[in-house]
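Below: one structure, written as structure tokens.
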Amino acid sequence: MTDTHRPTSTDTDDAVAAAAVPASTPRVTPPRSTTRTLFTVVLPPIIMGILILGLWYFVSYQMLDERRRFLLRPPHQVLDVGFLDWGNFSDILWALWATTKVAMVGLSISIVLGLTIAVVMSQSKLFERALYPYMVTLQAIPILAIAPLIGFWFGTATTGRLIVCVIISLFPIIVNTLFGLQSAERGMHDLFTLHHANRPTRLFKLQFPAASPAIFAGLRIAAGLSVIGAIVGDFIFGRGEAGIGQALRKYANNLDGEQLLAAVIMSSVLGVTVFLVFGWIQNLAIGKWHGDRS
Amino acid sequence: MSTAAAATATESLSFEQIGMIFPDGTEAIQDVSFSIRKGEFVTVVGPSGCGKSTLLKIASGLLEPTAGRVIVDRDRLGYVFQDATLLPWRTVRGNVELLAELHGIPKAERAQLASDAISLVGLDGFEGHYPKSLSGGMRMRASLARTLTLSPPIFLFDEPFGAVDEITREHLNEETQQLFQREGFAGLFITHSISEAVFMSTRVLVMSSRPGRIIAEFDVPFGYPRSPDLRFDADFARLSGEVSHALRGSH
């Protein structure tokens, strides 16, 4: 075989690991052929997309008669009216921007609050025992059930919306951070104990770095939830700077099916973007040493 | 008091009638007494679960014994763990610098100590690598380098080479033995490999199964440096056989 992998200056890492771990399976993957990649990676989602569009057209034109077609407009009309009409699309974008702002502020509050609570819980078993049941309870309350109460106490404008956002996105940050802070191995703790490390040193040099993969996993979940929280709060309260929640309600009331669908699609685009951005930040921050790059 | 002071002058580590009963009632160690003098490399062999590692935890202060006392200078104690216990988010250099960092040694001095230690264990060129890209043997070397930065007068080794393959293990045995000779530290080494014990040490202690007691002691007469071929020497085989006998009687 002439095409065996030869170490070059650019892949010393792989070469070192491969050379130094003789018993493990070789880490060098054979180069995939481009046609194979096309058939196994690129094509399946495209085919699935075409099938979904076909089903959409089928429902619009075959299952719904002319009178009831407003229930599901065919894809090209959604594209024309919702996306290509700049007036309509810019409305959606502005509403989306208002929602993004609330989601990001809400998420920032959740991060600060969540990290603080998790650190407090990690420092004392008593605090952990005292707080944990209430954290779970808070998480278990359906947001729709306490929304009226939130509106009652904090008003239905931006503050109320932020609080919905925080309630919905706080829990995964606390749970993941706490789990992460407690995940450092016993041996590493012993090492720090032997060298008389105090609590802050242990926290910042051992527990936080050890927790960072879990913290980032929590952040990605929380980021997605904060977008949902901002939309739900806006939708329920319907007050303050109009976000995508109010836009959805308006389009539904006016039977603007195309804009409604366009707004729904753009909401999930926002959610996916936030998720991807946090994945990118994670990779930048810990990708070098943490194996999981997904 | 004066006898204790005199003892610490020549002895790096003494166990005096150590007993250890865990809160759940398990008696791990019973009446263990021995000392390690400067320049001695003592190995404790024993069956798994006989309390060998407990002995090291007691020596280092991670555990308080329920009987007896330990005389040792805990501020300058090297502890090499069973796993390499490298911090995965730090490079080799970062890991080797850790202990100096915890002891508040200034940055420039820390870097120098780390460079020296890394050279000593033969990891030059790997300073920037993260643990995940190192083999088991290289991780152990990095772990050893980390301990070397503090140049402790006594090293405690808790079955450090148990997880690496036979060939790497023999290499690490030789290197550790050479380091011990060059740096002149005292060593307390825990293992369940008889050949490792005899090859490395000046003295081998055999521990019984639970509750752990010292049931035999052997002086190893071979001088240093020891060549790998020593393992095939007739005297080596005879001594290993004697240790093995004592160990079998321990069950």
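Following the order of the structure tokens, first chain is A, next is B, and so on, with residues numbered from 1 inside each chain and ligands from 1 in the order they appear.
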
Contacts of Ser115 (chain B) at 10 Å (only C-alpha atoms; same-chain gap of 5+ positions) as a list of chain:residue names: B:Arg93, B:Val96, B:Glu97, B:Glu109, B:Arg110, B:Leu120, B:Leu123, B:Asp124, B:Glu127, B:Ala145, B:Thr149

Can I get the selection written as a compact mmCIF listing (two decimals), in the first residue's frame, with C-alpha atoms?
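Result written to again-v2.txt:
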```
# COMPACT_ATOMS: atom_id res chain seq x y z
CA ARG B 93 3.87 22.65 30.52
CA VAL B 96 4.02 20.54 35.19
CA GLU B 97 3.87 24.14 36.46
CA GLU B 109 11.14 30.53 38.32
CA ARG B 110 8.15 28.28 37.70
CA LEU B 120 14.53 15.25 33.02
CA LEU B 123 9.28 15.09 27.27
CA ASP B 124 11.13 17.87 25.41
CA GLU B 127 5.37 21.06 26.19
CA ALA B 145 7.78 15.84 36.02
CA THR B 149 9.40 20.54 40.11
```

Polymer residues at most 8 Å from Ala184 (chain A), only C-alpha atoms, same-chain spacing of 6 or more positions, as a ChimeraX atom specification: /A:206-207,210-211

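Omitting Val59 (chain A) and its sequence neighbours fewer than 3 positions away, and counting only C-alpha atoms, the residues within 12 Å are Ile52, Leu53, Gly54, Leu55, Trp56, Gln62, Met63, Leu64, Asp65, Glu66, Arg68, Arg69, Phe70, Leu71, Leu72, Arg73, Pro74 and Pro75 of chain A.
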
Residues within 10 Å of Leu248 (chain A), only C-alpha atoms, excluding chain neighbours under 4 positions, as a ChimeraX atom specification: /A:92,95,231,234-235,243-244,252-254,256,259-264,267

6 Å contact set for region 177-180 of chain A, only C-alpha atoms, chain neighbours under 5 positions out, as a PyMOL selection string: chain A and resi 118+211+214-215

Residue selection dump (N, CA and C atoms) as a PDB file, in the first residue's frame:
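After the write, again33.pdb holds the following:
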```pdb
ATOM      1  N   ALA A 118     -25.276  28.004  41.368  1.00  0.00           N
ATOM      2  CA  ALA A 118     -24.567  26.719  41.287  1.00  0.00           C
ATOM      3  C   ALA A 118     -23.295  26.743  42.139  1.00  0.00           C
ATOM      4  N   ALA A 211     -15.593  21.960  34.938  1.00  0.00           N
ATOM      5  CA  ALA A 211     -17.027  22.097  34.680  1.00  0.00           C
ATOM      6  C   ALA A 211     -17.324  22.681  33.306  1.00  0.00           C
ATOM      7  N   ALA A 214     -19.586  20.926  30.698  1.00  0.00           N
ATOM      8  CA  ALA A 214     -20.976  20.833  31.154  1.00  0.00           C
ATOM      9  C   ALA A 214     -21.640  22.203  31.143  1.00  0.00           C
ATOM     10  N   ILE A 215     -20.900  23.238  31.538  1.00  0.00           N
ATOM     11  CA  ILE A 215     -21.462  24.586  31.541  1.00  0.00           C
ATOM     12  C   ILE A 215     -21.864  24.989  30.122  1.00  0.00           C
TER      13      ILE A 215
END
```

Atom-to-atom span, CA of Ile221 (chain A) and CA of Gln282 (chain A), Å: 12.6 Å

Counting only C-alpha atoms, chain B residues within 10 Å of chain A, as a PyMOL selection string: chain B and resi 57+60-62+74-91+98-103+126+129-138+165

Go ahead and write the selection's residues with C-alpha atoms as a short mmCIF file (atom, residue, chain, number, x, y, z; two decimals), in the first residue's frame.
```
data_model
loop_
_atom_site.label_atom_id
_atom_site.label_comp_id
_atom_site.auth_asym_id
_atom_site.auth_seq_id
_atom_site.Cartn_x
_atom_site.Cartn_y
_atom_site.Cartn_z
CA LYS B 57 -2.70 8.43 52.11
CA SER B 60 0.68 12.30 53.05
CA GLY B 61 -1.97 13.41 55.51
CA LEU B 62 -4.93 12.73 53.19
CA ARG B 74 4.63 17.16 54.74
CA ASP B 75 5.53 20.45 53.13
CA ARG B 76 7.94 18.75 50.82
CA LEU B 77 6.34 15.50 49.88
CA GLY B 78 6.13 14.18 46.33
CA TYR B 79 3.03 12.12 45.60
CA VAL B 80 2.71 10.27 42.31
CA PHE B 81 -0.83 9.00 41.89
CA GLN B 82 -2.13 5.77 40.41
CA ASP B 83 -3.49 7.74 37.44
CA ALA B 84 -1.49 10.55 35.95
CA THR B 85 -4.18 12.98 37.25
CA LEU B 86 -3.19 15.59 34.67
CA LEU B 87 -5.61 18.47 34.22
CA PRO B 88 -6.97 17.93 30.69
CA TRP B 89 -7.39 21.67 30.06
CA ARG B 90 -3.71 22.37 30.63
CA THR B 91 -0.84 21.57 28.29
CA LEU B 98 0.75 23.50 38.55
CA LEU B 99 2.36 22.57 41.88
CA ALA B 100 4.82 25.45 41.77
CA GLU B 101 1.83 27.67 41.01
CA LEU B 102 -0.08 26.33 44.02
CA HIS B 103 2.98 27.03 46.18
CA PHE B 126 5.79 17.98 23.97
CA HIS B 129 0.55 19.06 23.93
CA TYR B 130 -2.68 18.43 25.77
CA PRO B 131 -2.97 15.21 27.81
CA LYS B 132 -5.52 13.75 25.41
CA SER B 133 -2.87 13.51 22.68
CA LEU B 134 -0.34 11.73 24.90
CA SER B 135 0.07 7.98 25.45
CA GLY B 136 -0.32 6.46 28.90
CA GLY B 137 3.43 6.31 29.42
CA MET B 138 3.92 9.93 28.40
CA ASP B 165 1.70 -1.88 29.09
#
```

Spatial neighbours of region 182-195 of chain B, 9 Å, only C-alpha atoms, chain gap at least 5 places, as number ranges by chain: B: 12-13, 36-48, 52-53, 56, 151-162, 177, 200-201, 231, 236-237, 240-241, 243-244

Residues just named, written with C-alpha atoms as a PDB file, in the first residue's frame:
```pdb
ATOM      1  CA  SER B  12      12.813  10.832  55.722  1.00  0.00           C
ATOM      2  CA  LEU B  13       9.673   9.017  56.775  1.00  0.00           C
ATOM      3  CA  ILE B  36      12.765   5.064  55.260  1.00  0.00           C
ATOM      4  CA  ARG B  37      16.204   6.616  55.453  1.00  0.00           C
ATOM      5  CA  LYS B  38      17.631   9.133  53.031  1.00  0.00           C
ATOM      6  CA  GLY B  39      18.723   7.520  49.786  1.00  0.00           C
ATOM      7  CA  GLU B  40      16.521   4.483  50.343  1.00  0.00           C
ATOM      8  CA  PHE B  41      13.939   3.257  47.890  1.00  0.00           C
ATOM      9  CA  VAL B  42      11.473   1.043  49.712  1.00  0.00           C
ATOM     10  CA  THR B  43       8.716  -0.901  48.001  1.00  0.00           C
ATOM     11  CA  VAL B  44       5.651  -2.343  49.658  1.00  0.00           C
ATOM     12  CA  VAL B  45       4.137  -5.296  47.801  1.00  0.00           C
ATOM     13  CA  GLY B  46       0.895  -6.904  48.762  1.00  0.00           C
ATOM     14  CA  PRO B  47      -2.317  -8.375  47.394  1.00  0.00           C
ATOM     15  CA  SER B  48      -4.946  -5.965  46.067  1.00  0.00           C
ATOM     16  CA  LYS B  52      -1.087  -0.404  50.590  1.00  0.00           C
ATOM     17  CA  SER B  53      -2.559   2.770  49.134  1.00  0.00           C
ATOM     18  CA  LEU B  56       0.428   6.405  51.386  1.00  0.00           C
ATOM     19  CA  SER B 151      12.379  18.550  44.285  1.00  0.00           C
ATOM     20  CA  PRO B 152      10.838  16.745  47.235  1.00  0.00           C
ATOM     21  CA  PRO B 153      13.267  14.801  49.437  1.00  0.00           C
ATOM     22  CA  ILE B 154      10.785  11.920  49.517  1.00  0.00           C
ATOM     23  CA  PHE B 155       8.547  10.506  46.797  1.00  0.00           C
ATOM     24  CA  LEU B 156       5.431   8.450  47.412  1.00  0.00           C
ATOM     25  CA  PHE B 157       4.433   6.306  44.430  1.00  0.00           C
ATOM     26  CA  ASP B 158       0.966   4.780  44.456  1.00  0.00           C
ATOM     27  CA  GLU B 159       1.122   1.967  41.850  1.00  0.00           C
ATOM     28  CA  PRO B 160       1.995   4.574  39.258  1.00  0.00           C
ATOM     29  CA  PHE B 161       2.728   2.227  36.368  1.00  0.00           C
ATOM     30  CA  GLY B 162      -0.174  -0.165  36.806  1.00  0.00           C
ATOM     31  CA  GLN B 177      15.427   4.210  39.087  1.00  0.00           C
ATOM     32  CA  MET B 200      13.567  -0.761  41.707  1.00  0.00           C
ATOM     33  CA  SER B 201      14.178  -1.024  45.420  1.00  0.00           C
ATOM     34  CA  ARG B 231      15.723  -9.223  35.528  1.00  0.00           C
ATOM     35  CA  PHE B 236      17.204 -11.696  40.918  1.00  0.00           C
ATOM     36  CA  ALA B 237      15.074 -14.758  40.231  1.00  0.00           C
ATOM     37  CA  SER B 240      11.815 -12.681  43.485  1.00  0.00           C
ATOM     38  CA  GLY B 241      10.925 -16.251  44.389  1.00  0.00           C
ATOM     39  CA  VAL B 243       9.239 -12.449  47.912  1.00  0.00           C
ATOM     40  CA  SER B 244       6.635 -14.439  46.008  1.00  0.00           C
TER      41      SER B 244
END
```

DSSP strand (DSSP E) residues within region 161-192 of chain B, as number ranges by chain: B: 186-191
